[in-house]
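In what follows, a structure is listed as structure tokens, so that the remarks can point back to it.
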Amino acid sequence: MAKNKKRVDLKKNRSKPARDKGWTRGFQQHGYTEEATLGGERVRAKGNLSRKRTIDTDEGTTMPRVDESICLPGRVVCVYGLDNLVQTGDGRRFRCKVRQVLKSLSMDERSIVATGDRVWILPLPNNEGVIERVEPRHGILTRASRGREHVLVANVDQVVIVIALKEPELKPHLIDRYLASAEQGRIKPIICLNKADLIDPAEVQPIVGYYSQLGITTILTSAQSGMGLKTLRNLLKDRQSVISGQSGVGKSSLLNVIQPELGLRVREVSDVNQKGRHTTTTAELIALSFGGWVVDTPGIRQFALWDIIPEEVEGFFAEIRPYVPLCGFPDCAHTHEENCAVKNAVALRYLNEQRYFSYLGMISGKMEEASEE
């Protein structure tokens, strides 16, 4: 691969010059003098302070080039605050810090390293190391968090969206947001309706049938009765998967039954507010004894889509797309316009009303609404 030098943007130290906090005290003690005022002036560039640096990179990337003779390739198994647990090809694990230039790169992500990342590390004594480079990602599950991108996991094939049928109550809008994020990240979605032992399965057959007709694998499971666990195990076998969902839906319980030696902690749902209690505190890459890897993620309270504009939301709804060309206006938002084929299809029950409400919520900016209300 060709090598070159590239100027990269670094995070800015601050957007405005720091305010002199001792100005009032200085005036009270010494008063004003023209010389003192002029002596305290400094010339600064207008606007945000710019920071750049020239680094050696490989062609087509902004990542620093590494010396492969002394560095080792590996995969991030878990992220603990400022530390990252990285497993190399020979099975060794290193507790690694991130090289400062990587942390300083200007980016929209909350953190430059995520569970599942392919990285290069510089090994150090006592099973420690430094992450020198992060390889390009594929198959990511991401969400918006405080105005920045939060990559939950990288380099996976599929996401198992675990939704409780009861305790906490089923939230179809959350399923639809996950499906949109899965399509955005180019990973296969699997809907896992858990705690099926608490209801009559016939009650949710319309939901199962609807998503199945869209080509989305949908299964009913129960860690208590064993329903659907064989199917789930076959879906995970020899694949790179992430299990995600809100707190209390039973993600860890399902993994404990599928692979008992994991011993993942579980807790009950609160009787007061029907909200799940966080037990898994960080996303962790787990090797499955029957083949494949799975990432058990912490329960989420909010799931807002990242970097989505209203005009592209219709593309995340496969059943809506055929009606879009039939609308009376080429820029139809399918909300208030006349001669809207999508609205007419909803009125005639050709389109699912609940899914249409999910669409409206996404384009109206309510994608950040809490998953647990």
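Chain labels follow the order of the structure tokens: the first chain is A, the next B, and so on; residue numbering restarts at 1 in every chain, and ligands are counted from 1 in their shown order.
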**Message:** Set the distance at 8 Å and use only C-alpha atoms: which residues neighbour Asn339 of chain A once local chain neighbours fewer than 3 positions away are removed? I'd like the list as a VMD selection string.
**Reply:** chain A and resid 327 to 329 344
Go ahead and save the picked residues with N, CA, C and O atoms, as an mmCIF file, in the first residue's frame.
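So out-v6.cif came out as:
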```cif
data_model
loop_
_atom_site.group_PDB
_atom_site.id
_atom_site.type_symbol
_atom_site.label_atom_id
_atom_site.label_comp_id
_atom_site.auth_asym_id
_atom_site.auth_seq_id
_atom_site.Cartn_x
_atom_site.Cartn_y
_atom_site.Cartn_z
ATOM 1 N N CYS A 327 -46.531 9.445 -5.311
ATOM 2 C CA CYS A 327 -46.990 10.662 -4.651
ATOM 3 C C CYS A 327 -47.095 11.807 -5.648
ATOM 4 O O CYS A 327 -46.395 11.832 -6.674
ATOM 5 N N GLY A 328 -47.968 12.778 -5.345
ATOM 6 C CA GLY A 328 -48.198 13.891 -6.246
ATOM 7 C C GLY A 328 -47.047 14.871 -6.341
ATOM 8 O O GLY A 328 -46.956 15.634 -7.301
ATOM 9 N N PHE A 329 -46.151 14.875 -5.341
ATOM 10 C CA PHE A 329 -45.010 15.793 -5.332
ATOM 11 C C PHE A 329 -43.721 14.996 -5.183
ATOM 12 O O PHE A 329 -43.655 14.061 -4.374
ATOM 13 N N ASN A 344 -52.477 7.663 1.648
ATOM 14 C CA ASN A 344 -53.633 6.923 1.140
ATOM 15 C C ASN A 344 -53.511 5.424 1.433
ATOM 16 O O ASN A 344 -54.505 4.766 1.769
#
```
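Neighbouring residues of Val208 of chain A at 10 Å or closer, counting only C-alpha atoms and skipping chain neighbours under 2 positions away, are A:Ile191, A:Cys192, A:Leu193, A:Pro201, A:Ala202, A:Glu203, A:Val204, A:Gln205, A:Pro206, A:Tyr210, A:Tyr211, A:Ser212, A:Gln213, A:Ile216, A:Thr217, A:Thr218, A:Ile219, A:Leu220.
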For those residues, write C-alpha atoms to a file as a PDB file, in the first residue's frame.
```
ATOM      1  CA  ILE A 191     -35.913  -9.506  16.030  1.00  0.00           C
ATOM      2  CA  CYS A 192     -35.975 -11.572  19.215  1.00  0.00           C
ATOM      3  CA  LEU A 193     -39.257 -11.222  21.145  1.00  0.00           C
ATOM      4  CA  PRO A 201     -47.975 -16.334  21.892  1.00  0.00           C
ATOM      5  CA  ALA A 202     -51.092 -15.921  19.746  1.00  0.00           C
ATOM      6  CA  GLU A 203     -51.293 -12.286  20.911  1.00  0.00           C
ATOM      7  CA  VAL A 204     -48.098 -11.325  19.080  1.00  0.00           C
ATOM      8  CA  GLN A 205     -48.533 -13.373  15.920  1.00  0.00           C
ATOM      9  CA  PRO A 206     -49.580 -10.229  13.950  1.00  0.00           C
ATOM     10  CA  TYR A 210     -45.686  -8.479   9.726  1.00  0.00           C
ATOM     11  CA  TYR A 211     -41.925  -8.272  10.250  1.00  0.00           C
ATOM     12  CA  SER A 212     -41.448 -11.712   8.749  1.00  0.00           C
ATOM     13  CA  GLN A 213     -43.246 -10.549   5.589  1.00  0.00           C
ATOM     14  CA  ILE A 216     -36.769  -9.834   8.791  1.00  0.00           C
ATOM     15  CA  THR A 217     -36.076 -12.951  10.849  1.00  0.00           C
ATOM     16  CA  THR A 218     -38.390 -12.792  13.897  1.00  0.00           C
ATOM     17  CA  ILE A 219     -38.401 -15.350  16.704  1.00  0.00           C
ATOM     18  CA  LEU A 220     -40.103 -15.868  20.072  1.00  0.00           C
TER      19      LEU A 220
END
```
**Asked** Can you list every residue in segment 88-195 of chain A that DSSP puts in strand (DSSP E or B), as a ChimeraX atom specification?
**Response** /A:88,93-98,105,109,118-124,128-134,141-145,148-153,158-164,188-194
**Message:** Using DSSP assignments from the backbone, pull out every residue in segment 150-299 of chain A that falls under helix (DSSP H, G or I) and give it to me as a ChimeraX atom specification.
**Reply:** /A:172-185,196-198,201-213,229-236,251-258,260-262
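Counting only C-alpha atoms, the residue from A:Thr115, A:Ser104, A:Ser181, A:Asn256 that sits nearest to Val79 of chain A is A:Thr115.
Straight-line separation from atom CA of Arg239 of chain A to atom CA of His138 of chain A: 14.2 Å.
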**Request:** One decimal, Å: what's the distance from atom CA of Thr297 of chain A over to atom CA of Asp157 of chain A, could you say?
**Result:** 15.3 Å
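Here the question is which of A:Met63, A:Ile70, A:Leu326, A:Ala180 gets nearest to Tyr359 of chain A using only C-alpha atoms, and that residue is A:Ala180.
Distances here use only C-alpha atoms; by that measure, the residue among A:Ala154, A:Leu124, A:Cys71, A:Ile300 closest to Ile112 of chain A is A:Ala154.
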**Message:** I'd like the interatomic distance between atom CA of Glu353 of chain A and atom CA of Asp200 of chain A, to a tenth of an Å.
**Reply:** 23.2 Å
**Prompt:** Pro260 of chain A: which residues within 12 Å, counting only C-alpha atoms, same-chain residues fewer than 5 positions away excluded, as a PyMOL selection string?
**Reply:** chain A and resi 223+252-255+265+288-289
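Among A:Ser111, A:Ser241, A:Thr335, A:Gln259, the residue with the shortest atom-to-atom distance to Tyr80 of chain A, counting only C-alpha atoms, is A:Ser111.
Proximity ranking of A:Leu229, A:Ile243, A:Ile199, A:Ile140 relative to Ile163 of chain A places A:Ile243 first, based on only C-alpha atoms.
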Near Asn127 of chain A, within 12 Å and counting only C-alpha atoms, which residues show up once chain neighbours fewer than 4 positions away are dropped, as a compact mmCIF listing (two decimals) with N, CA, C and O atoms, in the first residue's frame?
```txt
# COMPACT_ATOMS: atom_id res chain seq x y z
N ASN A 84 -8.46 -0.43 27.24
CA ASN A 84 -9.08 -1.28 26.22
C ASN A 84 -8.44 -2.66 26.28
O ASN A 84 -7.21 -2.78 26.25
N LEU A 85 -9.25 -3.68 26.39
CA LEU A 85 -8.74 -5.05 26.41
C LEU A 85 -8.69 -5.55 24.97
O LEU A 85 -9.72 -5.64 24.30
N VAL A 86 -7.48 -5.88 24.51
CA VAL A 86 -7.26 -6.29 23.12
C VAL A 86 -6.73 -7.72 23.10
O VAL A 86 -5.80 -8.06 23.83
N GLN A 87 -7.34 -8.56 22.27
CA GLN A 87 -6.88 -9.94 22.11
C GLN A 87 -6.19 -10.09 20.76
O GLN A 87 -6.74 -9.73 19.73
N THR A 88 -4.98 -10.63 20.78
CA THR A 88 -4.21 -10.83 19.56
C THR A 88 -4.51 -12.21 18.97
O THR A 88 -5.20 -13.03 19.58
N ARG A 92 -3.41 -14.08 23.27
CA ARG A 92 -2.97 -13.24 24.38
C ARG A 92 -3.84 -11.99 24.48
O ARG A 92 -4.35 -11.49 23.48
N ARG A 93 -3.99 -11.49 25.69
CA ARG A 93 -4.78 -10.29 25.92
C ARG A 93 -3.92 -9.20 26.56
O ARG A 93 -3.16 -9.47 27.49
N PHE A 94 -4.08 -7.98 26.05
CA PHE A 94 -3.31 -6.84 26.53
C PHE A 94 -4.26 -5.74 26.96
O PHE A 94 -5.26 -5.46 26.29
N ARG A 95 -3.94 -5.12 28.10
CA ARG A 95 -4.68 -3.93 28.54
C ARG A 95 -3.99 -2.72 27.93
O ARG A 95 -2.84 -2.42 28.27
N CYS A 96 -4.69 -2.04 27.05
CA CYS A 96 -4.04 -1.02 26.23
C CYS A 96 -4.63 0.37 26.45
O CYS A 96 -5.83 0.54 26.64
N LYS A 97 -3.74 1.36 26.38
CA LYS A 97 -4.14 2.75 26.26
C LYS A 97 -4.19 3.09 24.77
O LYS A 97 -3.74 2.33 23.92
N ILE A 121 -1.47 -2.89 17.90
CA ILE A 121 -0.99 -2.44 19.21
C ILE A 121 0.53 -2.60 19.30
O ILE A 121 1.12 -3.47 18.65
N LEU A 122 1.13 -1.73 20.10
CA LEU A 122 2.54 -1.86 20.45
C LEU A 122 2.60 -2.54 21.80
O LEU A 122 2.21 -1.96 22.81
N PRO A 123 3.04 -3.82 21.86
CA PRO A 123 3.05 -4.53 23.14
C PRO A 123 4.10 -3.98 24.10
O PRO A 123 5.19 -3.59 23.68
```
**Message:** Can you pull out the residues contacting Glu132 of chain A? Cut-off 8 Å, using only C-alpha atoms, and skip same-chain residues under 5 positions away; I want them as a PyMOL selection string.
**Reply:** chain A and resi 64+66+98-99+102+119-122
Preceding selection exported with N, CA and C atoms as an mmCIF file, in the first residue's frame:
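See again_15.cif below for the written result:
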```cif
data_model
loop_
_atom_site.group_PDB
_atom_site.id
_atom_site.type_symbol
_atom_site.label_atom_id
_atom_site.label_comp_id
_atom_site.auth_asym_id
_atom_site.auth_seq_id
_atom_site.Cartn_x
_atom_site.Cartn_y
_atom_site.Cartn_z
ATOM 1 N N PRO A 64 -2.493 6.753 11.453
ATOM 2 C CA PRO A 64 -1.025 6.686 11.374
ATOM 3 C C PRO A 64 -0.554 5.325 10.884
ATOM 4 N N VAL A 66 1.884 2.130 10.954
ATOM 5 C CA VAL A 66 2.539 1.437 12.064
ATOM 6 C C VAL A 66 3.672 0.563 11.537
ATOM 7 N N VAL A 98 -4.766 4.242 24.460
ATOM 8 C CA VAL A 98 -4.846 4.703 23.075
ATOM 9 C C VAL A 98 -3.776 5.752 22.843
ATOM 10 N N ARG A 99 -3.055 5.626 21.741
ATOM 11 C CA ARG A 99 -2.028 6.596 21.393
ATOM 12 C C ARG A 99 -2.629 7.998 21.358
ATOM 13 N N LEU A 102 -4.225 9.558 18.243
ATOM 14 C CA LEU A 102 -5.531 9.012 17.872
ATOM 15 C C LEU A 102 -6.642 9.680 18.677
ATOM 16 N N VAL A 119 -7.465 -3.568 15.453
ATOM 17 C CA VAL A 119 -6.461 -2.559 15.792
ATOM 18 C C VAL A 119 -5.054 -3.141 15.671
ATOM 19 N N TRP A 120 -4.075 -2.241 15.682
ATOM 20 C CA TRP A 120 -2.665 -2.604 15.809
ATOM 21 C C TRP A 120 -2.169 -2.045 17.132
ATOM 22 N N ILE A 121 -1.472 -2.890 17.902
ATOM 23 C CA ILE A 121 -0.987 -2.440 19.209
ATOM 24 C C ILE A 121 0.527 -2.598 19.296
ATOM 25 N N LEU A 122 1.131 -1.735 20.099
ATOM 26 C CA LEU A 122 2.541 -1.857 20.447
ATOM 27 C C LEU A 122 2.602 -2.542 21.802
#
```
